[in-house]
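Trainee: As input, take structure.cif (mmCIF, C-alpha atoms and all ligand atoms):
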```
data_protein
#
loop_
_atom_site.label_atom_id
_atom_site.label_comp_id
_atom_site.auth_asym_id
_atom_site.auth_seq_id
_atom_site.Cartn_x
_atom_site.Cartn_y
_atom_site.Cartn_z
CA MET A 1 8.99 14.78 57.76
CA ILE A 2 12.00 14.34 55.52
CA ASP A 3 11.46 12.43 52.29
CA ASN A 4 13.49 9.22 52.18
CA GLU A 5 13.91 9.63 48.44
CA ARG A 6 15.26 13.20 48.58
CA VAL A 7 18.59 13.53 46.76
CA ILE A 8 21.10 16.15 47.94
CA LEU A 9 24.40 17.09 46.36
CA ALA A 10 26.90 18.46 48.91
CA ILE A 11 30.02 20.54 48.27
CA GLU A 12 32.96 20.99 50.66
CA THR A 13 35.88 23.29 49.82
CA SER A 14 36.61 24.98 53.15
CA CYS A 15 40.28 23.96 53.43
CA ASP A 16 42.41 21.63 51.33
CA GLU A 17 39.96 19.00 50.10
CA THR A 18 37.74 19.52 47.07
CA ALA A 19 34.90 17.17 47.89
CA ILE A 20 31.45 16.45 46.49
CA ALA A 21 29.01 13.80 47.74
CA ILE A 22 25.47 12.83 46.82
CA ILE A 23 23.08 11.33 49.36
CA LYS A 24 19.62 9.79 49.00
CA GLY A 25 17.50 10.06 52.13
CA GLN A 26 19.72 10.18 55.23
CA LYS A 27 21.95 7.16 54.87
CA GLU A 28 22.41 6.13 51.26
CA LEU A 29 25.58 7.67 49.84
CA LEU A 30 25.33 7.58 46.05
CA ALA A 31 28.73 9.23 45.59
CA ASN A 32 31.56 10.41 47.80
CA ILE A 33 34.48 12.01 45.93
CA VAL A 34 37.39 13.59 47.80
CA SER A 35 40.24 15.23 45.91
CA SER A 36 42.92 15.99 48.47
CA GLN A 37 45.52 18.74 48.00
CA ILE A 38 47.86 17.37 50.68
CA LYS A 39 50.68 16.60 48.23
CA GLN A 40 50.61 20.11 46.74
CA HIS A 41 50.83 21.72 50.20
CA GLN A 42 53.41 19.30 51.61
CA ASP A 43 56.49 21.26 50.47
CA ASN A 44 55.21 24.34 52.30
CA GLY A 45 54.70 22.52 55.61
CA GLY A 46 51.04 23.56 55.76
CA VAL A 47 48.05 24.74 53.75
CA VAL A 48 48.79 27.82 51.61
CA PRO A 49 45.41 29.61 51.26
CA GLU A 50 46.00 31.09 47.79
CA LEU A 51 47.21 27.74 46.44
CA ALA A 52 44.21 26.00 48.04
CA SER A 53 41.78 28.36 46.23
CA ARG A 54 43.51 27.82 42.88
CA LEU A 55 43.44 24.04 43.26
CA HIS A 56 39.75 24.06 44.22
CA TYR A 57 39.08 26.19 41.15
CA GLU A 58 40.98 23.76 38.91
CA ASN A 59 39.40 20.61 40.42
CA VAL A 60 35.83 21.38 41.34
CA ASP A 61 34.32 20.83 37.91
CA HIS A 62 36.02 17.46 37.52
CA VAL A 63 35.04 16.33 41.04
CA PHE A 64 31.45 17.38 40.29
CA ASN A 65 31.30 15.32 37.10
CA GLN A 66 32.89 12.36 38.84
CA ALA A 67 30.25 12.52 41.59
CA LEU A 68 27.37 12.56 39.09
CA GLN A 69 28.96 9.66 37.24
CA GLU A 70 29.49 7.61 40.38
CA ALA A 71 25.89 8.22 41.47
CA LYS A 72 24.64 7.44 37.96
CA ILE A 73 22.29 10.43 38.01
CA THR A 74 21.91 13.79 36.26
CA LEU A 75 21.25 17.26 37.64
CA LYS A 76 17.52 16.72 37.06
CA ASP A 77 17.53 14.11 39.84
CA ILE A 78 18.93 16.50 42.45
CA ASP A 79 16.42 18.01 44.88
CA GLY A 80 18.81 20.29 46.79
CA ILE A 81 22.38 21.55 46.85
CA ALA A 82 24.19 21.97 50.18
CA VAL A 83 27.44 23.90 50.36
CA VAL A 84 29.83 24.60 53.22
CA ASN A 85 29.91 28.30 53.96
CA GLY A 86 32.36 28.57 56.85
CA PRO A 87 34.28 28.36 58.93
CA GLY A 88 37.20 28.04 56.54
CA LEU A 89 39.58 29.81 54.19
CA ILE A 90 37.82 32.72 52.50
CA GLY A 91 39.11 32.08 48.96
CA ALA A 92 38.50 28.35 49.23
CA LEU A 93 34.92 28.95 50.43
CA HIS A 94 34.37 31.40 47.57
CA VAL A 95 35.15 28.73 44.99
CA GLY A 96 32.72 26.21 46.54
CA THR A 97 29.88 28.65 47.17
CA ILE A 98 30.09 30.31 43.75
CA PHE A 99 30.17 26.90 42.08
CA ALA A 100 27.16 25.77 44.15
CA LYS A 101 25.22 28.97 43.42
CA SER A 102 25.89 28.74 39.68
CA ILE A 103 24.74 25.12 39.42
CA ALA A 104 21.71 25.82 41.61
CA TYR A 105 20.69 28.99 39.76
CA LEU A 106 21.15 27.62 36.24
CA ASN A 107 19.18 24.48 37.04
CA ASN A 108 16.65 26.04 39.40
CA ILE A 109 17.66 23.78 42.31
CA PRO A 110 17.15 25.09 45.88
CA ILE A 111 20.32 25.72 47.87
CA LEU A 112 21.35 25.58 51.53
CA SER A 113 24.58 26.79 53.11
CA VAL A 114 25.83 24.78 56.10
CA HIS A 115 28.48 24.80 58.81
CA HIS A 116 31.69 22.79 58.42
CA ILE A 117 31.94 21.70 62.08
CA ALA A 118 28.30 20.62 62.16
CA GLY A 119 29.21 18.49 59.15
CA HIS A 120 32.06 16.83 61.07
CA ILE A 121 29.58 15.89 63.81
CA TYR A 122 27.03 14.54 61.32
CA ALA A 123 29.64 12.33 59.61
CA ASN A 124 28.86 10.05 62.54
CA ASN A 125 25.23 9.58 61.53
CA LEU A 126 26.50 7.69 58.48
CA ILE A 127 28.09 5.20 60.88
CA SER A 128 25.40 4.91 63.55
CA ASP A 129 22.29 6.92 64.52
CA LEU A 130 22.96 9.99 66.64
CA LYS A 131 21.28 9.67 70.06
CA PHE A 132 20.36 12.63 72.20
CA PRO A 133 21.37 14.25 74.39
CA LEU A 134 24.86 13.85 72.99
CA LEU A 135 28.27 15.34 73.51
CA ALA A 136 30.66 15.84 70.59
CA LEU A 137 34.38 16.46 70.84
CA VAL A 138 35.44 18.21 67.64
CA VAL A 139 39.19 18.16 67.15
CA SER A 140 40.67 19.24 63.83
CA GLY A 141 43.33 21.39 62.18
CA GLY A 142 41.27 24.50 62.89
CA HIS A 143 39.04 23.59 65.84
CA THR A 144 38.99 22.17 69.34
CA GLU A 145 35.46 22.28 70.72
CA LEU A 146 33.12 20.48 73.06
CA VAL A 147 29.58 20.66 71.70
CA TYR A 148 26.44 19.61 73.57
CA MET A 149 23.39 18.67 71.48
CA PRO A 150 20.01 18.15 73.17
CA ASN A 151 18.52 17.37 69.76
CA HIS A 152 19.16 17.35 66.00
CA LEU A 153 20.66 20.60 64.65
CA ASP A 154 20.71 22.10 68.14
CA PHE A 155 24.33 22.98 68.94
CA LYS A 156 25.57 24.44 72.23
CA VAL A 157 29.31 25.10 72.29
CA LEU A 158 30.41 24.38 75.88
CA GLY A 159 34.01 25.36 75.33
CA GLN A 160 36.64 25.87 72.67
CA THR A 161 40.28 26.65 72.19
CA GLN A 162 41.38 30.10 73.21
CA ASP A 163 44.29 30.10 70.76
CA ASP A 164 45.74 27.30 68.58
CA ALA A 165 43.67 24.26 67.57
CA ILE A 166 45.02 20.87 68.64
CA GLY A 167 45.66 19.73 65.03
CA GLU A 168 47.58 22.92 64.35
CA SER A 169 49.86 22.14 67.33
CA TYR A 170 50.46 18.58 66.04
CA ASP A 171 51.40 20.06 62.65
CA LYS A 172 53.75 22.65 64.19
CA ILE A 173 55.53 20.16 66.45
CA ALA A 174 56.02 17.87 63.43
CA ARG A 175 57.46 20.79 61.50
CA ILE A 176 60.06 21.67 64.16
CA LEU A 177 61.08 18.01 64.30
CA ASP A 178 61.30 17.95 60.45
CA LEU A 179 58.83 15.09 60.26
CA GLY A 180 56.67 16.27 57.35
CA TYR A 181 53.07 17.38 56.84
CA PRO A 182 50.41 16.75 58.05
CA GLY A 183 52.00 16.15 61.43
CA GLY A 184 49.12 14.44 63.23
CA PRO A 185 49.37 10.93 61.76
CA ILE A 186 53.20 11.02 61.88
CA ILE A 187 53.34 12.01 65.57
CA ASP A 188 50.58 9.50 66.37
CA LYS A 189 52.72 6.68 64.93
CA LEU A 190 56.06 7.89 66.31
CA ALA A 191 54.67 8.38 69.84
CA LYS A 192 54.08 4.65 70.09
CA GLU A 193 57.86 4.10 70.14
CA GLY A 194 58.63 6.79 72.74
CA GLN A 195 58.38 7.48 76.47
CA ASN A 196 56.86 10.45 78.27
CA ILE A 197 60.12 11.67 79.79
CA TYR A 198 59.66 15.42 79.37
CA ASP A 199 56.51 15.86 81.42
CA PHE A 200 55.17 18.86 79.51
CA PRO A 201 52.42 20.84 81.27
CA ILE A 202 48.80 19.83 80.74
CA PRO A 203 47.23 22.76 78.90
CA LYS A 204 44.28 24.62 80.49
CA ASN A 205 44.09 22.08 83.28
CA ASP A 206 41.15 23.85 84.94
CA ASN A 207 37.41 23.61 85.58
CA THR A 208 36.27 25.21 82.32
CA TYR A 209 35.42 23.48 79.05
CA ASP A 210 37.86 25.68 77.13
CA PHE A 211 41.17 24.56 75.67
CA SER A 212 44.50 26.18 74.84
CA TYR A 213 47.35 24.74 72.81
CA SER A 214 49.76 27.59 72.14
CA GLY A 215 51.49 27.28 75.55
CA LEU A 216 52.10 23.54 75.14
CA LYS A 217 53.31 24.10 71.57
CA SER A 218 55.80 26.77 72.78
CA ALA A 219 56.98 24.55 75.66
CA VAL A 220 57.75 21.72 73.22
CA ILE A 221 59.42 24.02 70.68
CA ASN A 222 61.56 25.62 73.43
CA LYS A 223 62.57 22.20 74.73
CA VAL A 224 63.60 21.00 71.26
CA ASN A 225 65.55 24.22 70.59
CA THR A 226 67.34 23.99 73.96
CA LEU A 227 68.26 20.34 73.40
CA LYS A 228 69.59 21.20 69.94
CA MET A 229 71.55 24.21 71.23
CA LYS A 230 73.16 22.19 74.01
CA LYS A 231 73.84 19.45 71.47
CA GLU A 232 72.16 16.95 73.79
CA GLU A 233 70.98 13.76 72.16
CA PHE A 234 67.23 13.26 72.08
CA ASN A 235 64.73 10.97 70.52
CA ASN A 236 61.89 12.44 68.41
CA ALA A 237 59.64 9.63 69.61
CA ASP A 238 60.03 10.74 73.25
CA ILE A 239 59.15 14.34 72.31
CA ALA A 240 56.14 13.07 70.33
CA ARG A 241 54.95 10.83 73.17
CA SER A 242 55.41 13.52 75.85
CA PHE A 243 53.62 16.14 73.73
CA GLN A 244 50.76 13.80 72.83
CA GLU A 245 50.05 12.72 76.40
CA SER A 246 49.81 16.36 77.52
CA ALA A 247 47.74 17.38 74.50
CA VAL A 248 45.19 14.58 74.91
CA ALA A 249 44.82 14.75 78.74
CA PRO A 250 42.48 17.79 78.88
CA LEU A 251 40.34 16.40 76.06
CA ILE A 252 39.64 13.34 78.20
CA THR A 253 39.04 15.04 81.56
CA LYS A 254 36.82 17.75 80.07
CA SER A 255 34.83 15.32 77.94
CA ILE A 256 34.15 13.08 80.95
CA LYS A 257 33.19 16.08 83.10
CA ALA A 258 30.77 17.44 80.46
CA ALA A 259 29.29 14.00 79.73
CA LYS A 260 28.51 13.66 83.45
CA GLU A 261 27.20 17.21 83.88
CA TYR A 262 24.89 16.99 80.85
CA ASN A 263 23.94 13.37 81.46
CA VAL A 264 24.45 12.44 77.81
CA LYS A 265 23.42 9.20 76.11
CA GLN A 266 26.12 9.29 73.46
CA PHE A 267 29.63 10.66 73.15
CA LEU A 268 31.20 11.07 69.72
CA ILE A 269 34.40 12.40 68.26
CA ALA A 270 34.81 14.27 65.00
CA GLY A 271 37.45 16.05 62.91
CA GLY A 272 40.89 15.07 61.65
CA VAL A 273 42.53 14.64 65.07
CA SER A 274 39.81 12.17 66.10
CA ALA A 275 41.72 9.68 63.93
CA ASN A 276 44.39 9.70 66.66
CA SER A 277 44.93 6.22 68.08
CA TYR A 278 46.04 7.36 71.55
CA LEU A 279 43.02 9.68 71.90
CA ARG A 280 40.68 6.83 70.93
CA GLN A 281 42.29 4.43 73.34
CA GLU A 282 42.13 6.94 76.21
CA ILE A 283 38.45 7.66 75.45
CA GLU A 284 37.62 3.96 75.49
CA ASN A 285 39.53 3.31 78.72
CA ASN A 286 38.17 6.30 80.61
CA PHE A 287 34.54 6.15 79.47
CA THR A 288 34.36 2.42 80.09
CA LYS A 289 35.66 3.00 83.61
CA GLU A 290 33.70 6.14 84.52
CA LEU A 291 30.63 6.22 82.27
CA PRO A 292 29.98 2.68 81.04
CA ASN A 293 26.39 3.52 80.03
CA VAL A 294 27.35 6.28 77.62
CA GLU A 295 27.43 4.96 74.04
CA LEU A 296 30.70 5.77 72.30
CA LEU A 297 30.74 6.63 68.63
CA LEU A 298 34.30 6.51 67.30
CA PRO A 299 34.01 6.85 63.51
CA PRO A 300 36.24 5.06 60.99
CA LEU A 301 39.12 7.14 59.68
CA TRP A 302 37.50 8.05 56.34
CA ALA A 303 34.77 9.87 58.26
CA THR A 304 37.12 11.91 60.46
CA THR A 305 38.98 14.06 57.93
CA ASP A 306 37.32 16.59 55.60
CA ASN A 307 34.89 15.10 53.09
CA ALA A 308 31.53 15.99 51.58
CA ALA A 309 29.66 12.89 52.78
CA MET A 310 29.54 14.54 56.20
CA ILE A 311 28.05 17.68 54.64
CA ALA A 312 25.47 15.61 52.76
CA SER A 313 24.60 13.79 55.98
CA LEU A 314 24.14 17.10 57.83
CA ALA A 315 22.06 18.62 55.03
CA SER A 316 19.81 15.56 54.97
CA PHE A 317 18.44 16.63 58.38
CA TYR A 318 17.22 20.03 57.16
CA GLN A 319 13.57 20.28 56.21
CA ASP A 320 12.81 21.31 52.60
CA SER A 321 11.92 24.83 53.76
CA TYR A 322 15.59 25.54 54.61
CA PHE A 323 16.56 24.98 50.97
CA ASN A 324 15.61 28.07 48.95
CA ASN A 325 16.37 30.15 45.88
CA GLU A 326 18.29 32.91 47.66
CA TYR A 327 21.63 32.86 45.92
CA ASP A 328 22.97 36.12 47.34
CA PHE A 329 24.37 34.93 50.69
CA ALA A 330 27.86 36.21 51.51
CA VAL A 331 30.86 34.02 52.28
CA ASN A 332 31.25 33.65 56.04
CA PRO A 333 34.74 32.40 56.96
CA ASN A 334 34.13 32.94 60.70
CA ARG A 335 30.65 31.44 60.89
CA LYS A 336 29.46 30.45 64.38
CA LEU A 337 28.11 26.96 64.96
CA GLY A 338 24.33 26.90 64.51
CA ILE A 339 21.77 26.36 61.77
O1 LIG A 401 39.35 17.86 60.00
P1 LIG A 401 40.59 18.03 59.19
O2 LIG A 401 40.81 17.11 58.02
O3 LIG A 401 40.70 19.49 58.62
C1 LIG A 401 40.27 20.63 59.33
O4 LIG A 401 39.05 20.92 59.29
O5 LIG A 401 41.14 21.22 60.00
O6 LIG A 401 41.82 17.92 60.21
C2 LIG A 401 43.17 17.99 59.80
C3 LIG A 401 44.06 17.86 61.02
C4 LIG A 401 45.53 18.09 60.75
O7 LIG A 401 46.01 19.03 61.70
C5 LIG A 401 46.16 16.71 60.96
O8 LIG A 401 47.50 16.76 61.41
C6 LIG A 401 45.24 16.11 62.00
O9 LIG A 401 43.95 16.53 61.59
N1 LIG A 401 45.31 14.65 62.08
C7 LIG A 401 45.73 13.98 63.18
C8 LIG A 401 45.70 12.59 62.85
N2 LIG A 401 45.25 12.48 61.55
C9 LIG A 401 45.00 13.75 61.10
N3 LIG A 401 46.13 14.41 64.38
C10 LIG A 401 46.53 13.51 65.29
N4 LIG A 401 46.55 12.18 65.05
C11 LIG A 401 46.16 11.68 63.85
N5 LIG A 401 46.18 10.35 63.64
ZN ZN A 402 37.46 19.85 59.00
#
```
Let me see the structure of the file written as structure tokens.
Ligand code: KG4
Ligand code: ZN

Mentor:
Amino acid sequence: MIDNERVILAIETSCDETAIAIIKGQKELLANIVSSQIKQHQDNGGVVPELASRLHYENVDHVFNQALQEAKITLKDIDGIAVVNGPGLIGALHVGTIFAKSIAYLNNIPILSVHHIAGHIYANNLISDLKFPLLALVVSGGHTELVYMPNHLDFKVLGQTQDDAIGESYDKIARILDLGYPGGPIIDKLAKEGQNIYDFPIPKNDNTYDFSYSGLKSAVINKVNTLKMKKEEFNNADIARSFQESAVAPLITKSIKAAKEYNVKQFLIAGGVSANSYLRQEIENNFTKELPNVELLLPPLWATTDNAAMIASLASFYQDSYFNNEYDFAVNPNRKLGI
């Protein structure tokens, strides 16, 4: 049994957010601080790993103090520290894990290292209880995965991208259209004003649960370059709309297929791209039509992008025995989903 009074401090530094949250039991967030580096990376059109590590290093102490202040507690009140140890940028993970180990060691607090993608899935438990068996579609800047869960902390990856992640392709299309960074929210908004006139291919339109976004990305980039070369007029909104419809289509068909095959009770979305309005609308339309008995869990936007509340939520499901005093674990930037 997990103690309802247990207090966990969670640290997330895998990419470009320095985030620390504190949770009591499994639902009560005492603090949730997110310091985003988006502005500092904007001029480079994407996350620069070395800059990300430096900014985590500069910010983590301040974010930590802010979290303790917001929760109105001291280190003595913390029963466990959870830290993301992959997947993610190696330098960025180093900052978070070394910080976590130092605090844990100096204050004799047990520590647990957890998986970033599992955290994205568990962000949803802060919104509504997870119900099993469930299917999770994880779509972010680094990941595109369909995950089946027969129970808590039991992750079976049914399929994943073979090349680019969907968020990465949104960001690259936005870059070639000079729209700014991050591209996802900008393309999402722009697509509403456009038409699907380019009919780009639907990527990995097959029977597997895998995805692929590099071909679609190249098709869009080639189209834009050709239009520019021929000096033909075109509308960015039409490119955005055509790209988005192709990008989202396999997410819907494969999610429906897996939800049927695994007879799931609940379907949830997670990760930065799950903020996408067209994806959400397509999920609602298609699940309502084809699987009306499957409960949909579409989290609010704050819970979709990187934060530490999701890590705290995930960690709150681990029994005490998983938290220990072994501070010598190595950074694992390519960690596989599992406990
Ligand atoms: O989960 P996240 O914050 O970081 C990673 O773990 O990767 O996801 C960031 C990604 C970026 O690629 C961003 O462009 C995308 O999520 N994104 C969106 C939307 N909001 C953020 N993509 C499509 N539509 C959106 N509304
Ligand atoms: Zn993420």

Trainee: Which one of A:Leu216, A:Val224, A:Ala303, A:Ala315 sits closest to Arg175 (chain A) if you count only C-alpha atoms?

Mentor: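 Of A:Leu216, A:Val224, A:Ala303, A:Ala315, the one nearest Arg175 (chain A) is A:Val224, counting only C-alpha atoms.
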
Trainee: Mind listing the residues within 7 Å of ligand ZN 402 (chain A), all atoms listed in the file counted, as a VMD selection string?

Mentor: chain A and resid 116 to 117 120 140 to 141 271 to 272 305 to 306

Trainee: Counting only C-alpha atoms and all ligand atoms, which protein, DNA or RNA residues come within 10 Å of ligand LIG 401 (chain A), given as an NGL selection string?

Mentor: :A and (14-17 or 36 or 46-47 or 87-88 or 116-117 or 120 or 138-144 or 165-172 or 174 or 181-189 or 244 or 248 or 270-280 or 301-307)

Trainee: Grab the residues selected above and save them as a PDB file, keeping the file's coordinate frame with C-alpha atoms.

Mentor:
```pdb
ATOM      1  CA  SER A  14      36.610  24.980  53.150  1.00  0.00           C
ATOM      2  CA  CYS A  15      40.280  23.960  53.430  1.00  0.00           C
ATOM      3  CA  ASP A  16      42.410  21.630  51.330  1.00  0.00           C
ATOM      4  CA  GLU A  17      39.960  19.000  50.100  1.00  0.00           C
ATOM      5  CA  SER A  36      42.920  15.990  48.470  1.00  0.00           C
ATOM      6  CA  GLY A  46      51.040  23.560  55.760  1.00  0.00           C
ATOM      7  CA  VAL A  47      48.050  24.740  53.750  1.00  0.00           C
ATOM      8  CA  PRO A  87      34.280  28.360  58.930  1.00  0.00           C
ATOM      9  CA  GLY A  88      37.200  28.040  56.540  1.00  0.00           C
ATOM     10  CA  HIS A 116      31.690  22.790  58.420  1.00  0.00           C
ATOM     11  CA  ILE A 117      31.940  21.700  62.080  1.00  0.00           C
ATOM     12  CA  HIS A 120      32.060  16.830  61.070  1.00  0.00           C
ATOM     13  CA  VAL A 138      35.440  18.210  67.640  1.00  0.00           C
ATOM     14  CA  VAL A 139      39.190  18.160  67.150  1.00  0.00           C
ATOM     15  CA  SER A 140      40.670  19.240  63.830  1.00  0.00           C
ATOM     16  CA  GLY A 141      43.330  21.390  62.180  1.00  0.00           C
ATOM     17  CA  GLY A 142      41.270  24.500  62.890  1.00  0.00           C
ATOM     18  CA  HIS A 143      39.040  23.590  65.840  1.00  0.00           C
ATOM     19  CA  THR A 144      38.990  22.170  69.340  1.00  0.00           C
ATOM     20  CA  ALA A 165      43.670  24.260  67.570  1.00  0.00           C
ATOM     21  CA  ILE A 166      45.020  20.870  68.640  1.00  0.00           C
ATOM     22  CA  GLY A 167      45.660  19.730  65.030  1.00  0.00           C
ATOM     23  CA  GLU A 168      47.580  22.920  64.350  1.00  0.00           C
ATOM     24  CA  SER A 169      49.860  22.140  67.330  1.00  0.00           C
ATOM     25  CA  TYR A 170      50.460  18.580  66.040  1.00  0.00           C
ATOM     26  CA  ASP A 171      51.400  20.060  62.650  1.00  0.00           C
ATOM     27  CA  LYS A 172      53.750  22.650  64.190  1.00  0.00           C
ATOM     28  CA  ALA A 174      56.020  17.870  63.430  1.00  0.00           C
ATOM     29  CA  TYR A 181      53.070  17.380  56.840  1.00  0.00           C
ATOM     30  CA  PRO A 182      50.410  16.750  58.050  1.00  0.00           C
ATOM     31  CA  GLY A 183      52.000  16.150  61.430  1.00  0.00           C
ATOM     32  CA  GLY A 184      49.120  14.440  63.230  1.00  0.00           C
ATOM     33  CA  PRO A 185      49.370  10.930  61.760  1.00  0.00           C
ATOM     34  CA  ILE A 186      53.200  11.020  61.880  1.00  0.00           C
ATOM     35  CA  ILE A 187      53.340  12.010  65.570  1.00  0.00           C
ATOM     36  CA  ASP A 188      50.580   9.500  66.370  1.00  0.00           C
ATOM     37  CA  LYS A 189      52.720   6.680  64.930  1.00  0.00           C
ATOM     38  CA  GLN A 244      50.760  13.800  72.830  1.00  0.00           C
ATOM     39  CA  VAL A 248      45.190  14.580  74.910  1.00  0.00           C
ATOM     40  CA  ALA A 270      34.810  14.270  65.000  1.00  0.00           C
ATOM     41  CA  GLY A 271      37.450  16.050  62.910  1.00  0.00           C
ATOM     42  CA  GLY A 272      40.890  15.070  61.650  1.00  0.00           C
ATOM     43  CA  VAL A 273      42.530  14.640  65.070  1.00  0.00           C
ATOM     44  CA  SER A 274      39.810  12.170  66.100  1.00  0.00           C
ATOM     45  CA  ALA A 275      41.720   9.680  63.930  1.00  0.00           C
ATOM     46  CA  ASN A 276      44.390   9.700  66.660  1.00  0.00           C
ATOM     47  CA  SER A 277      44.930   6.220  68.080  1.00  0.00           C
ATOM     48  CA  TYR A 278      46.040   7.360  71.550  1.00  0.00           C
ATOM     49  CA  LEU A 279      43.020   9.680  71.900  1.00  0.00           C
ATOM     50  CA  ARG A 280      40.680   6.830  70.930  1.00  0.00           C
ATOM     51  CA  LEU A 301      39.120   7.140  59.680  1.00  0.00           C
ATOM     52  CA  TRP A 302      37.500   8.050  56.340  1.00  0.00           C
ATOM     53  CA  ALA A 303      34.770   9.870  58.260  1.00  0.00           C
ATOM     54  CA  THR A 304      37.120  11.910  60.460  1.00  0.00           C
ATOM     55  CA  THR A 305      38.980  14.060  57.930  1.00  0.00           C
ATOM     56  CA  ASP A 306      37.320  16.590  55.600  1.00  0.00           C
ATOM     57  CA  ASN A 307      34.890  15.100  53.090  1.00  0.00           C
TER      58      ASN A 307
END
```

Trainee: Set out as JSON lines a contact list for region 204-308 of chain A and region 191-200 of chain A with a cut-off of 9 Å, giving each residue of region 204-308 of chain A that qualifies its closest atom pair and distance in Å to one decimal, counting all atoms listed in the file, ordered by chain and rising residue number.

Mentor:
```
{"residue": "A:Leu216", "atom": "CA", "partner": "A:Phe200", "partner_atom": "CA", "distance": 7.1}
{"residue": "A:Ala219", "atom": "CA", "partner": "A:Phe200", "partner_atom": "CA", "distance": 7.1}
{"residue": "A:Val220", "atom": "CA", "partner": "A:Phe200", "partner_atom": "CA", "distance": 7.4}
{"residue": "A:Lys223", "atom": "CA", "partner": "A:Tyr198", "partner_atom": "CA", "distance": 8.7}
{"residue": "A:Asn235", "atom": "CA", "partner": "A:Gly194", "partner_atom": "CA", "distance": 7.7}
{"residue": "A:Asn236", "atom": "CA", "partner": "A:Gly194", "partner_atom": "CA", "distance": 7.8}
{"residue": "A:Ala237", "atom": "CA", "partner": "A:Gly194", "partner_atom": "CA", "distance": 4.3}
{"residue": "A:Asp238", "atom": "CA", "partner": "A:Gly194", "partner_atom": "CA", "distance": 4.2}
{"residue": "A:Ile239", "atom": "CA", "partner": "A:Tyr198", "partner_atom": "CA", "distance": 7.2}
{"residue": "A:Ala240", "atom": "CA", "partner": "A:Ala191", "partner_atom": "CA", "distance": 4.9}
{"residue": "A:Arg241", "atom": "CA", "partner": "A:Ala191", "partner_atom": "CA", "distance": 4.1}
{"residue": "A:Ser242", "atom": "CA", "partner": "A:Asn196", "partner_atom": "CA", "distance": 4.2}
{"residue": "A:Phe243", "atom": "CA", "partner": "A:Phe200", "partner_atom": "CA", "distance": 6.6}
{"residue": "A:Gln244", "atom": "CA", "partner": "A:Ala191", "partner_atom": "CA", "distance": 7.3}
{"residue": "A:Glu245", "atom": "CA", "partner": "A:Asn196", "partner_atom": "CA", "distance": 7.4}
{"residue": "A:Ser246", "atom": "CA", "partner": "A:Phe200", "partner_atom": "CA", "distance": 6.2}
{"residue": "A:Tyr278", "atom": "CA", "partner": "A:Lys192", "partner_atom": "CA", "distance": 8.6}
```

Trainee: One decimal, in Å: what's the spacing between CA of Glu232 (chain A) and CA of Gly45 (chain A)?

Mentor: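 Atom-to-atom, CA of Glu232 (chain A) and CA of Gly45 (chain A) are spaced 25.8 Å apart.
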
Trainee: A:Phe267, A:Tyr318, A:Tyr213, A:Phe155: which is nearest Glu295 (chain A), counting only C-alpha atoms?

Mentor: A:Phe267

Trainee: Quick one: pull the distance between CA of Ala10 (chain A) and CA of Ala118 (chain A), Å, one decimal.

Mentor: 13.5 Å

Trainee: Report as CSV the residues of region 33-115 of chain A within 8 Å of region 19-22 of chain A, each with its shortest atom pair and distance in Å (one decimal), using all atoms listed in the file, ordered by chain and increasing residue number.

Mentor:
```
residue,atom,partner,partner_atom,distance
A:Ile33,CA,A:Ile20,CA,5.4
A:Val34,CA,A:Ala19,CA,4.4
A:Ser35,CA,A:Ala19,CA,6.0
A:Val60,CA,A:Ala19,CA,7.8
A:Val63,CA,A:Ile20,CA,6.5
A:Phe64,CA,A:Ile20,CA,6.3
A:Ala67,CA,A:Ile20,CA,6.4
A:Leu68,CA,A:Ile22,CA,8.0
A:Ala71,CA,A:Ile22,CA,7.1
```

Trainee: Could you check the closest approach to Ala247 (chain A) for each of A:Ile173, A:Leu297, A:Met310, A:Thr226 and tell me which residue wins, using all atoms listed in the file?

Mentor: A:Ile173

Trainee: What does the distance from CA of Ile176 (chain A) to CA of Ile221 (chain A) come to in Å, to one decimal?

Mentor: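 Between CA of Ile176 (chain A) and CA of Ile221 (chain A) the gap works out to 7.0 Å.
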
Trainee: Leaving out Pro49 (chain A) and any residue of its chain fewer than 6 positions from it, which residues lie within 8 Å of it when counting only C-alpha atoms, given as an mmCIF file with C-alpha atoms, in the coordinates of the input?

Mentor:
```cif
data_model
loop_
_atom_site.group_PDB
_atom_site.id
_atom_site.type_symbol
_atom_site.label_atom_id
_atom_site.label_comp_id
_atom_site.auth_asym_id
_atom_site.auth_seq_id
_atom_site.Cartn_x
_atom_site.Cartn_y
_atom_site.Cartn_z
ATOM 1 C CA CYS A 15 40.280 23.960 53.430
ATOM 2 C CA LEU A 89 39.580 29.810 54.190
ATOM 3 C CA GLY A 91 39.110 32.080 48.960
ATOM 4 C CA ALA A 92 38.500 28.350 49.230
#
```

Trainee: Quick one: of A:Asn325, A:Ser212, A:Thr74, A:Asn85, who's nearest to His115 (chain A), counting only C-alpha atoms?

Mentor: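 Once distances to His115 (chain A) are computed over only C-alpha atoms, the minimum belongs to A:Asn85.
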
Trainee: Could you give me, as an NGL selection string, the residues that have an atom at most 8 Å away from the point (39.3, 10.2, 82.6) in the coordinates of the file, using all atoms listed in the file?

Mentor: :A and (252-253 or 256 or 282-283 or 285-287 or 290)

Trainee: Taking all atoms listed in the file into account, which of A:Tyr105, A:Phe211, A:Tyr262, A:Phe234 comes nearest Asp328 (chain A)?

Mentor: A:Tyr105
